[in-house]
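File shown: coords-v1.cif. Contents: mmCIF, C-alpha atoms and all ligand atoms.
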data_run
#
loop_
_atom_site.label_atom_id
_atom_site.label_comp_id
_atom_site.auth_asym_id
_atom_site.auth_seq_id
_atom_site.Cartn_x
_atom_site.Cartn_y
_atom_site.Cartn_z
CA MET A 1 29.28 -46.70 16.86
CA LEU A 2 29.39 -43.42 18.76
CA LYS A 3 28.55 -43.39 22.48
CA ALA A 4 25.64 -41.32 23.78
CA GLU A 5 27.50 -38.12 24.59
CA ARG A 6 26.82 -34.52 23.75
CA MET A 7 28.90 -32.89 21.06
CA TRP A 8 28.87 -30.00 18.63
CA ALA A 9 27.70 -31.10 15.21
CA LEU A 10 27.90 -28.96 12.11
CA GLY A 11 25.07 -29.26 9.60
CA ALA A 12 25.13 -27.98 6.03
CA MET A 13 22.17 -27.56 3.70
CA SER A 14 22.00 -26.46 0.09
CA GLY A 15 18.28 -26.03 -0.51
CA THR A 16 16.08 -26.37 -3.57
CA SER A 17 16.10 -22.63 -4.29
CA LEU A 18 19.84 -22.89 -5.18
CA ASP A 19 20.68 -19.68 -3.35
CA GLY A 20 23.60 -20.96 -1.28
CA VAL A 21 24.87 -23.14 1.54
CA ASP A 22 23.61 -22.71 5.11
CA ALA A 23 25.89 -24.05 7.84
CA ALA A 24 25.05 -24.18 11.54
CA LEU A 25 26.26 -25.73 14.78
CA VAL A 26 24.02 -27.65 17.15
CA GLU A 27 24.97 -29.23 20.47
CA THR A 28 23.31 -32.61 20.79
CA ASP A 29 23.69 -36.25 21.76
CA GLY A 30 21.43 -37.20 18.83
CA GLU A 31 18.39 -37.28 21.10
CA SER A 32 18.14 -33.98 22.98
CA ILE A 33 19.22 -30.57 21.80
CA PHE A 34 21.37 -28.69 24.32
CA GLY A 35 21.94 -25.50 22.37
CA PHE A 36 22.78 -23.83 19.09
CA GLY A 37 26.04 -22.23 17.98
CA ASP A 38 27.43 -20.12 15.16
CA SER A 39 26.05 -20.23 11.66
CA ARG A 40 27.23 -19.12 8.24
CA TYR A 41 25.76 -18.58 4.83
CA ARG A 42 27.83 -18.97 1.67
CA ALA A 43 25.90 -17.74 -1.37
CA TYR A 44 26.33 -19.35 -4.76
CA THR A 45 27.58 -16.93 -7.40
CA LYS A 46 25.45 -16.39 -10.52
CA ASP A 47 27.83 -18.66 -12.49
CA GLU A 48 27.61 -21.40 -9.86
CA GLN A 49 23.83 -21.14 -9.85
CA ALA A 50 23.82 -21.56 -13.62
CA VAL A 51 25.95 -24.71 -13.32
CA LEU A 52 23.67 -26.18 -10.63
CA SER A 53 20.52 -25.18 -12.46
CA ALA A 54 21.76 -26.92 -15.62
CA ALA A 55 22.32 -30.09 -13.58
CA LEU A 56 18.79 -30.19 -12.08
CA GLY A 57 16.95 -33.35 -13.01
CA ARG A 58 20.15 -35.32 -13.59
CA TRP A 59 21.06 -38.65 -12.00
CA PRO A 60 24.34 -40.27 -11.01
CA GLY A 61 26.07 -41.32 -14.22
CA ASP A 62 24.60 -38.39 -16.22
CA ASP A 63 26.84 -35.56 -17.35
CA LEU A 64 26.84 -33.19 -14.38
CA GLY A 65 29.34 -30.69 -15.79
CA SER A 66 31.20 -29.03 -12.96
CA ALA A 67 28.23 -29.20 -10.56
CA GLU A 68 29.90 -31.64 -8.17
CA ALA A 69 32.99 -29.43 -7.89
CA VAL A 70 30.79 -26.37 -7.28
CA VAL A 71 28.94 -28.09 -4.42
CA LEU A 72 32.17 -29.34 -2.83
CA GLN A 73 34.02 -26.02 -3.08
CA ALA A 74 31.07 -24.01 -1.71
CA HIS A 75 30.79 -26.37 1.26
CA ILE A 76 34.53 -26.27 1.95
CA GLU A 77 34.34 -22.47 2.01
CA ALA A 78 31.20 -22.47 4.17
CA LEU A 79 32.47 -24.98 6.73
CA SER A 80 36.22 -24.33 6.97
CA GLY A 81 37.26 -23.02 10.36
CA MET A 82 34.03 -24.01 12.11
CA SER A 83 34.91 -26.33 14.94
CA ALA A 84 32.82 -29.50 15.37
CA ALA A 85 33.10 -33.20 16.17
CA LEU A 86 31.03 -34.28 13.18
CA VAL A 87 29.57 -32.81 9.99
CA GLY A 88 26.16 -33.53 8.45
CA PHE A 89 26.32 -32.81 4.72
CA HIS A 90 22.98 -32.86 2.89
CA GLY A 91 24.29 -31.97 -0.57
CA GLN A 92 22.26 -30.50 -3.41
CA THR A 93 19.11 -32.32 -4.45
CA LEU A 94 19.17 -32.61 -8.24
CA ALA A 95 16.33 -35.07 -8.69
CA HIS A 96 13.74 -36.77 -6.50
CA ASP A 97 11.59 -39.65 -7.72
CA PRO A 98 11.21 -42.01 -4.75
CA GLY A 99 8.72 -44.29 -6.52
CA GLY A 100 10.94 -44.55 -9.59
CA ARG A 101 14.61 -43.75 -10.06
CA GLY A 102 15.27 -42.80 -6.42
CA THR A 103 16.65 -39.57 -5.07
CA HIS A 104 19.85 -37.76 -5.95
CA GLN A 105 21.73 -35.44 -3.59
CA LEU A 106 24.89 -34.23 -5.28
CA GLY A 107 28.02 -33.99 -3.14
CA ASP A 108 30.96 -36.24 -2.29
CA GLY A 109 31.04 -36.62 1.50
CA ALA A 110 34.30 -38.56 1.47
CA ALA A 111 36.03 -35.69 -0.37
CA LEU A 112 34.51 -33.19 2.08
CA ALA A 113 35.76 -35.25 5.04
CA ASP A 114 39.26 -35.17 3.58
CA ALA A 115 39.12 -31.46 2.87
CA LEU A 116 37.87 -30.56 6.36
CA GLY A 117 39.75 -33.26 8.31
CA LEU A 118 36.44 -34.14 10.01
CA PRO A 119 34.08 -37.13 9.90
CA VAL A 120 31.18 -36.41 7.55
CA VAL A 121 27.76 -38.06 7.39
CA TRP A 122 26.16 -37.75 3.95
CA ASP A 123 23.72 -39.38 1.51
CA PHE A 124 20.97 -39.18 4.11
CA ARG A 125 18.04 -40.10 1.86
CA SER A 126 18.98 -43.14 -0.28
CA ALA A 127 18.65 -45.83 2.39
CA ASP A 128 15.12 -44.70 3.21
CA VAL A 129 14.12 -44.82 -0.47
CA ARG A 130 15.67 -48.29 -0.84
CA LEU A 131 13.37 -49.45 1.97
CA GLY A 132 10.28 -48.11 0.25
CA GLY A 133 10.27 -44.67 1.89
CA GLN A 134 9.88 -41.24 0.31
CA GLY A 135 13.39 -40.24 1.41
CA ALA A 136 11.86 -36.90 2.50
CA PRO A 137 11.11 -34.96 4.55
CA LEU A 138 13.90 -35.77 7.03
CA ALA A 139 13.76 -32.69 9.26
CA PRO A 140 10.77 -34.09 11.28
CA PHE A 141 12.92 -36.05 13.77
CA PHE A 142 14.74 -32.78 14.45
CA HIS A 143 11.43 -30.88 14.70
CA HIS A 144 10.37 -33.32 17.41
CA ALA A 145 13.60 -32.57 19.32
CA CYS A 146 13.00 -28.83 18.78
CA ALA A 147 9.49 -29.09 20.22
CA ARG A 148 10.96 -30.67 23.36
CA TYR A 149 13.82 -28.12 23.42
CA ILE A 150 11.41 -25.16 23.42
CA GLY A 151 9.43 -26.79 26.21
CA ALA A 152 6.23 -27.34 24.24
CA ASP A 153 3.77 -29.41 26.26
CA ALA A 154 1.15 -29.91 23.54
CA PRO A 155 1.33 -30.81 19.84
CA VAL A 156 2.87 -28.15 17.61
CA ALA A 157 3.40 -27.99 13.87
CA PHE A 158 6.49 -26.85 11.99
CA LEU A 159 6.16 -25.53 8.47
CA ASN A 160 9.18 -25.07 6.23
CA LEU A 161 8.48 -22.67 3.38
CA GLY A 162 11.44 -23.31 1.08
CA GLY A 163 11.30 -23.99 -2.65
CA VAL A 164 8.94 -26.79 -1.65
CA GLY A 165 6.87 -26.68 1.57
CA ASN A 166 6.96 -29.36 4.23
CA LEU A 167 4.87 -29.76 7.35
CA THR A 168 5.55 -31.65 10.57
CA TRP A 169 2.98 -32.23 13.29
CA THR A 170 4.62 -33.46 16.47
CA ASP A 171 3.62 -34.40 19.99
CA PRO A 172 6.51 -33.55 22.33
CA LYS A 173 5.02 -35.68 25.09
CA VAL A 174 5.93 -38.83 23.14
CA ARG A 175 9.57 -39.33 24.12
CA ARG A 176 11.13 -40.82 20.99
CA PRO A 177 10.41 -39.53 17.46
CA GLU A 178 10.02 -43.05 16.07
CA ASP A 179 7.37 -43.99 18.63
CA ALA A 180 3.69 -44.15 17.68
CA GLY A 181 1.94 -40.80 17.88
CA ALA A 182 5.11 -38.68 17.87
CA LEU A 183 5.02 -37.44 14.29
CA ILE A 184 3.19 -36.94 11.03
CA ALA A 185 5.14 -35.27 8.23
CA PHE A 186 5.02 -34.68 4.48
CA ASP A 187 5.65 -32.14 1.74
CA THR A 188 2.66 -29.82 1.43
CA GLY A 189 3.25 -28.74 -2.15
CA PRO A 190 5.11 -26.00 -3.95
CA ALA A 191 6.05 -23.02 -1.76
CA ASN A 192 8.47 -20.42 -3.16
CA ALA A 193 9.79 -22.24 -6.25
CA PRO A 194 6.92 -21.33 -8.62
CA ILE A 195 6.81 -17.73 -7.36
CA ASN A 196 10.57 -17.42 -7.93
CA ASP A 197 10.38 -19.00 -11.38
CA PHE A 198 7.54 -16.66 -12.32
CA MET A 199 9.37 -13.57 -11.01
CA MET A 200 12.45 -14.55 -13.00
CA ALA A 201 10.45 -15.16 -16.18
CA ARG A 202 8.33 -11.99 -16.04
CA ARG A 203 10.44 -9.51 -14.05
CA ASN A 204 14.00 -10.88 -14.13
CA LEU A 205 13.98 -10.87 -10.32
CA PRO A 206 14.87 -13.81 -8.06
CA TYR A 207 11.76 -13.57 -5.86
CA ASP A 208 8.80 -11.40 -4.85
CA GLU A 209 10.49 -9.35 -2.14
CA GLY A 210 8.15 -8.83 0.82
CA GLY A 211 5.32 -10.22 -1.32
CA ARG A 212 4.97 -6.72 -2.76
CA LEU A 213 3.86 -7.75 -6.25
CA ALA A 214 1.40 -10.33 -4.83
CA ARG A 215 0.03 -7.71 -2.42
CA SER A 216 -0.95 -5.47 -5.33
CA GLY A 217 -2.82 -8.21 -7.19
CA THR A 218 -6.07 -10.16 -6.90
CA VAL A 219 -6.25 -13.92 -6.56
CA ALA A 220 -7.83 -15.65 -9.57
CA GLU A 221 -10.17 -18.08 -7.81
CA GLY A 222 -10.71 -20.25 -10.91
CA ALA A 223 -7.00 -20.91 -11.32
CA LEU A 224 -6.69 -21.61 -7.60
CA GLU A 225 -9.47 -24.22 -7.80
CA LEU A 226 -7.86 -25.91 -10.80
CA PHE A 227 -4.60 -26.09 -8.90
CA LEU A 228 -6.28 -27.66 -5.87
CA ASP A 229 -7.74 -30.37 -8.13
CA GLU A 230 -4.25 -31.87 -8.42
CA ALA A 231 -4.23 -35.49 -7.25
CA TYR A 232 -1.30 -34.76 -4.90
CA PHE A 233 -3.59 -32.92 -2.48
CA LEU A 234 -5.90 -35.92 -2.15
CA LYS A 235 -3.06 -38.31 -1.38
CA MET A 236 -2.67 -39.29 2.25
CA PRO A 237 0.76 -38.69 3.81
CA PRO A 238 3.55 -39.63 3.79
CA LYS A 239 4.32 -38.00 0.46
CA SER A 240 7.12 -35.89 -0.98
CA LEU A 241 7.82 -33.78 -4.02
CA ASP A 242 10.51 -32.93 -6.50
CA ARG A 243 11.21 -29.19 -6.75
CA ASP A 244 9.72 -29.00 -10.22
CA ALA A 245 6.76 -31.30 -9.67
CA PHE A 246 4.40 -28.36 -10.05
CA ALA A 247 6.44 -26.39 -12.62
CA ASP A 248 3.49 -26.18 -15.02
CA MET A 249 1.25 -24.42 -12.46
CA ILE A 250 2.72 -21.27 -13.99
CA ASP A 251 0.60 -22.05 -17.06
CA LEU A 252 -2.51 -21.64 -14.89
CA VAL A 253 -1.62 -17.97 -14.38
CA GLY A 254 -0.23 -17.40 -17.88
CA GLU A 255 -3.06 -15.08 -18.97
CA LEU A 256 -3.08 -12.97 -15.80
CA SER A 257 -1.39 -9.63 -15.14
CA ASP A 258 1.93 -9.86 -13.28
CA ALA A 259 0.34 -8.73 -10.02
CA ASP A 260 -2.66 -11.07 -10.25
CA ALA A 261 -0.41 -13.97 -11.23
CA ALA A 262 1.92 -13.36 -8.26
CA ALA A 263 -1.09 -13.10 -5.92
CA THR A 264 -2.54 -16.32 -7.32
CA LEU A 265 0.73 -18.30 -7.12
CA THR A 266 1.18 -17.13 -3.52
CA ALA A 267 -2.39 -18.17 -2.73
CA MET A 268 -1.75 -21.58 -4.31
CA SER A 269 1.25 -22.21 -2.06
CA ALA A 270 -0.71 -21.09 1.00
CA ALA A 271 -3.71 -23.22 -0.01
CA ALA A 272 -1.45 -26.27 -0.34
CA VAL A 273 -0.39 -25.74 3.28
CA LEU A 274 -4.02 -25.35 4.37
CA ARG A 275 -4.89 -28.65 2.68
CA GLY A 276 -1.92 -30.18 4.48
CA MET A 277 -3.07 -28.90 7.86
CA GLU A 278 -6.18 -31.07 7.47
CA HIS A 279 -3.93 -34.11 7.97
CA CYS A 280 -2.92 -33.05 11.50
CA PRO A 281 -4.27 -35.68 13.93
CA THR A 282 -5.20 -32.95 16.42
CA PRO A 283 -5.18 -29.19 15.93
CA PRO A 284 -1.69 -27.95 16.88
CA ALA A 285 -1.38 -25.12 19.39
CA ARG A 286 0.92 -23.25 17.03
CA LEU A 287 2.17 -23.38 13.48
CA LEU A 288 5.86 -22.43 13.65
CA VAL A 289 7.20 -21.30 10.30
CA CYS A 290 10.78 -21.51 9.05
CA GLY A 291 12.38 -21.09 5.63
CA GLY A 292 12.46 -18.03 3.38
CA GLY A 293 8.68 -17.94 2.88
CA ARG A 294 8.18 -16.68 6.43
CA HIS A 295 9.58 -13.37 5.13
CA ASN A 296 6.68 -13.12 2.70
CA PRO A 297 3.95 -11.29 4.65
CA VAL A 298 1.32 -11.99 2.00
CA MET A 299 1.80 -15.75 2.34
CA MET A 300 1.88 -15.48 6.13
CA ASP A 301 -1.31 -13.38 6.16
CA MET A 302 -3.08 -15.91 3.94
CA LEU A 303 -2.19 -18.68 6.41
CA ARG A 304 -3.24 -16.59 9.42
CA ALA A 305 -6.56 -15.67 7.83
CA ALA A 306 -7.50 -19.32 7.28
CA LEU A 307 -6.15 -21.08 10.38
CA ASP A 308 -7.48 -21.12 13.94
CA CYS A 309 -4.08 -21.65 15.53
CA GLU A 310 -1.31 -19.10 16.03
CA VAL A 311 0.95 -18.80 12.96
CA ALA A 312 4.38 -17.48 13.90
CA PRO A 313 7.94 -17.49 12.63
CA VAL A 314 10.11 -19.90 14.63
CA GLU A 315 12.03 -16.88 15.95
CA ASN A 316 9.07 -16.36 18.32
CA VAL A 317 10.17 -19.47 20.20
CA GLY A 318 13.90 -18.69 20.04
CA LEU A 319 14.81 -20.78 16.96
CA ASP A 320 16.54 -19.58 13.78
CA GLY A 321 14.26 -19.96 10.77
CA ASP A 322 17.08 -19.52 8.25
CA MET A 323 19.23 -22.23 9.83
CA LEU A 324 16.75 -24.84 11.02
CA GLU A 325 17.41 -27.19 8.09
CA ALA A 326 21.20 -26.92 8.43
CA GLN A 327 20.87 -27.59 12.16
CA ALA A 328 18.62 -30.55 11.33
CA PHE A 329 21.35 -32.25 9.32
CA GLY A 330 23.89 -31.69 12.10
CA TYR A 331 21.47 -33.32 14.53
CA LEU A 332 20.68 -36.17 12.11
CA ALA A 333 24.42 -36.78 11.55
CA VAL A 334 24.84 -37.55 15.25
CA ARG A 335 21.86 -39.91 15.12
CA VAL A 336 23.42 -41.73 12.15
CA ALA A 337 26.79 -41.98 13.93
CA ARG A 338 24.96 -43.46 16.94
CA GLY A 339 22.88 -45.84 14.81
CA LEU A 340 19.63 -44.14 15.82
CA PRO A 341 16.82 -43.90 13.26
CA THR A 342 16.38 -40.75 11.18
CA SER A 343 13.04 -41.68 9.61
CA CYS A 344 10.10 -43.99 10.24
CA ALA A 345 6.80 -44.97 8.65
CA ALA A 346 5.08 -41.83 9.95
CA THR A 347 7.59 -39.45 8.35
CA THR A 348 8.53 -41.08 5.04
CA GLY A 349 6.42 -44.24 4.79
CA VAL A 350 9.54 -46.38 5.06
CA ARG A 351 8.94 -50.08 5.83
CA ALA A 352 11.16 -50.08 8.93
CA ASN A 353 12.89 -47.39 10.95
CA VAL A 354 16.02 -46.30 9.08
CA SER A 355 19.26 -44.66 10.14
CA GLY A 356 19.96 -43.16 6.73
CA GLY A 357 23.40 -41.88 5.86
CA THR A 358 26.99 -42.81 5.16
CA LEU A 359 29.78 -41.92 7.59
CA SER A 360 33.11 -41.05 5.97
CA GLN A 361 36.19 -40.55 8.11
CA PRO A 362 38.94 -38.29 6.78
CA THR A 363 41.83 -40.27 5.31
CA GLU A 364 45.40 -39.41 6.20
CA ALA A 365 46.12 -38.45 2.61
CA GLY A 366 43.19 -35.99 2.63
N1 LIG A 401 12.02 -11.04 2.02
C1 LIG A 401 11.45 -12.03 1.31
N2 LIG A 401 10.27 -11.83 0.70
C2 LIG A 401 9.67 -12.78 -0.02
N3 LIG A 401 10.18 -14.01 -0.19
C3 LIG A 401 11.35 -14.28 0.40
C4 LIG A 401 12.05 -13.32 1.18
N4 LIG A 401 13.19 -13.89 1.65
C5 LIG A 401 13.20 -15.15 1.16
N5 LIG A 401 12.11 -15.39 0.41
C6 LIG A 401 11.78 -16.61 -0.32
O1 LIG A 401 12.41 -17.72 0.30
C7 LIG A 401 13.23 -18.41 -0.66
C8 LIG A 401 14.39 -19.06 0.03
O2 LIG A 401 13.88 -19.95 0.98
P1 LIG A 401 14.79 -21.05 1.65
O3 LIG A 401 16.17 -20.53 1.78
O4 LIG A 401 14.07 -21.53 2.84
O5 LIG A 401 14.76 -22.15 0.51
P2 LIG A 401 15.57 -23.49 0.39
O6 LIG A 401 16.16 -23.86 1.71
O7 LIG A 401 16.48 -23.35 -0.77
O8 LIG A 401 14.43 -24.51 -0.01
P3 LIG A 401 14.04 -25.99 0.50
O9 LIG A 401 13.70 -25.89 1.94
O10 LIG A 401 12.88 -26.32 -0.35
O11 LIG A 401 15.23 -26.84 0.21
C9 LIG A 401 13.62 -17.36 -1.66
O12 LIG A 401 14.00 -17.94 -2.89
C10 LIG A 401 12.34 -16.54 -1.73
O13 LIG A 401 11.42 -17.13 -2.60
C1 LIG A 402 14.32 -34.41 -1.82
C2 LIG A 402 14.59 -33.14 -1.09
O1 LIG A 402 15.70 -32.63 -1.07
N1 LIG A 402 13.55 -32.60 -0.45
C3 LIG A 402 13.66 -31.39 0.33
C4 LIG A 402 12.90 -30.27 -0.38
O2 LIG A 402 12.97 -29.06 0.38
C5 LIG A 402 11.83 -29.00 1.28
C6 LIG A 402 11.14 -30.33 1.03
O3 LIG A 402 11.51 -30.58 -0.34
C7 LIG A 402 11.70 -31.47 1.92
O4 LIG A 402 11.07 -32.66 1.52
C8 LIG A 402 13.21 -31.68 1.73
O5 LIG A 402 14.03 -30.96 2.61
C9 LIG A 402 13.87 -30.90 4.00
C10 LIG A 402 15.09 -30.31 4.61
C11 LIG A 402 13.61 -32.25 4.69
O6 LIG A 402 14.05 -33.29 4.23
O7 LIG A 402 12.99 -32.20 5.77
#
Whole structure given in structure tokens:
Amino acid sequence: MLKAERMWALGAMSGTSLDGVDAALVETDGESIFGFGDSRYRAYTKDEQAVLSAALGRWPGDDLGSAEAVVLQAHIEALSGMSAALVGFHGQTLAHDPGGRGTHQLGDGAALADALGLPVVWDFRSADVRLGGQGAPLAPFFHHACARYIGADAPVAFLNLGGVGNLTWTDPKVRRPEDAGALIAFDTGPANAPINDFMMARRNLPYDEGGRLARSGTVAEGALELFLDEAYFLKMPPKSLDRDAFADMIDLVGELSDADAAATLTAMSAAAVLRGMEHCPTPPARLLVCGGGRHNPVMMDMLRAALDCEVAPVENVGLDGDMLEAQAFGYLAVRVARGLPTSCAATTGVRANVSGGTLSQPTEAG
């Protein structure tokens, strides 16, 4: 087990939107954050995206085509030459069904350790699911450290607007993330994934750049209400989602014009967050937003219009909203190497605190 000393850890995240690999350095002892270093982004090519997309929904043992090789090669290219003591490798989520078949993050950490000549922590989510947890979200322990790093002295909330949205409420005055009252976290609902899928289907575009199409449309209130009737929004946290859990919400906007449909899907994602905010134990001073959705001014405006607290991109407090998840897995890797928990009942519903992840050392032959 690693001693409590500060080191540079390199985290790598390949998110649900399948756009590429984010890699970022964080200096940490697994408890405090001391600073952030270089970051890189390695985009997937169109062909690679097609391979990964075809593998979505598949489980270990299924035919994955060349998806595993694509994930490994992209990570080798993203991480090579970045200097670190330890790597945190999330992999690519292909399927997530914590109450059923489990959770599947594609990527061979042992092969990555050999290729990089560095120790790699990987398979962060399975142990949590085996102990009855959701296996997600896992960034909350890092969000708690971020709240302390930015010097917050009152509860704050972090919102990640990726393919799926996830919300963390955290009280930085509670010293350890696993202690009572430190955290509440869960997936809010769909965020960008349905908007992207819709844009691809109707306009052959990957996303609604700047929310421009949504801005020109009108929200269909009836469709929005039907969406909010989904049982997921009544469930108490912890709770988590598969990327495609809400894939058929596109049917709710099927009869609308492109602009009205984009406006309505954007409003649905924002409304899911607003429902989620009702679970905060106390109103947070600020909602700090990371992930690609913070670049969508229509979604941000919808949140600002409905919330009493300040809604700001994490850049306003000196963090990097494109790299927060990659940094999170670097931070979590150090916790795993030190045997510290990475999730608890308040973040995933797990029965006992879990240090989730496998540590692979590079072999000499690698
Ligand atoms: N300028 C922009 N305007 C509108 N939307 C944007 C913009 N930039 C990014 N996005 C949205 O953000 C998405 C990417 O977000 P992000 O990289 O946070 O997702 P991810 O990390 O793959 O997802 P997850 O956190 O669910 O794993 C894009 O697919 C797009 O929908
Ligand atoms: C199973 C899985 O990969 N979930 C992702 C996904 O993307 C956002 C949301 O759904 C969150 O639950 C999680 O990622 C972040 C990094 C997390 O674990 O905190």
Write out, as a tab-separated table, each residue of stretch 11-32 of chain A that has an atom at most 9 Å from stretch 335-356 of chain A, together with the closest pair of atoms and their distance in Å to one decimal, counting only C-alpha atoms, rows going by chain and rising number.
residue	atom	partner	partner_atom	distance
A:Asp29	CA	A:Arg335	CA	7.8
A:Gly30	CA	A:Arg335	CA	4.6
A:Glu31	CA	A:Arg335	CA	7.4
How big is the axis-aligned box around all listed atoms of ligand LIG 402 (chain A) once 8 Å goes on each side, and where's its centre, in Å to one decimal, as JSON?
{"center_x": 13.4, "center_y": -31.7, "center_z": 2.0, "size_x": 20.6, "size_y": 21.4, "size_z": 23.6}
Please find the residues contacting ligand LIG 402 (chain A) at a distance of at most 6 Å between atoms, with all atoms listed in the file counted, and report them as a ChimeraX atom specification. /A:16,93,96,136-139,162,164-166,187,240,325
Of the residues A:Ala43, A:Val219, A:Met7, A:Leu234, which is the one nearest to ligand LIG 401 (chain A), using all atoms listed in the file?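 Among the listed residues, the smallest separation from ligand LIG 401 (chain A) belongs to A:Ala43.
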Exercise answer, 6 Å around ligand LIG 401 (chain A) with only C-alpha atoms and all ligand atoms, as a VMD selection string: chain A and resid 15 to 18 161 to 164 192 196 207 to 211 291 to 293 295 to 296
Would you compute the distance between atom CA of A:Pro119 and atom CA of A:Gln361? Give it in Å to one decimal.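 Spanning atom CA of A:Pro119 to atom CA of A:Gln361 is a straight-line distance of 4.4 Å.
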Near A:Leu228, counting all atoms listed in the file, which residues have an atom at most 8 Å away, once you skip same-chain residues fewer than 5 positions from it, shown as a list in words? Phe233, Met268, Ala271 and Ala272 of chain A
Would you work out the distance separating atom CA of A:Ala9 from atom CA of A:Val174, expressed in Å to one decimal?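 Atom-to-atom, atom CA of A:Ala9 to atom CA of A:Val174, that is 24.4 Å.
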I want to know what sits within 8 Å of A:Val314, based on all atoms listed in the file, with residues of the same chain fewer than 5 positions away left out; could you give that as a JSON list (two decimals) with C-alpha atoms, in the coordinates of the input?
[["chain", "number", "residue", "atom", "x", "y", "z"],
["A", 288, "LEU", "CA", 5.86, -22.43, 13.65],
["A", 289, "VAL", "CA", 7.20, -21.30, 10.30],
["A", 290, "CYS", "CA", 10.78, -21.51, 9.05],
["A", 319, "LEU", "CA", 14.81, -20.78, 16.96],
["A", 320, "ASP", "CA", 16.54, -19.58, 13.78],
["A", 321, "GLY", "CA", 14.26, -19.96, 10.77]]
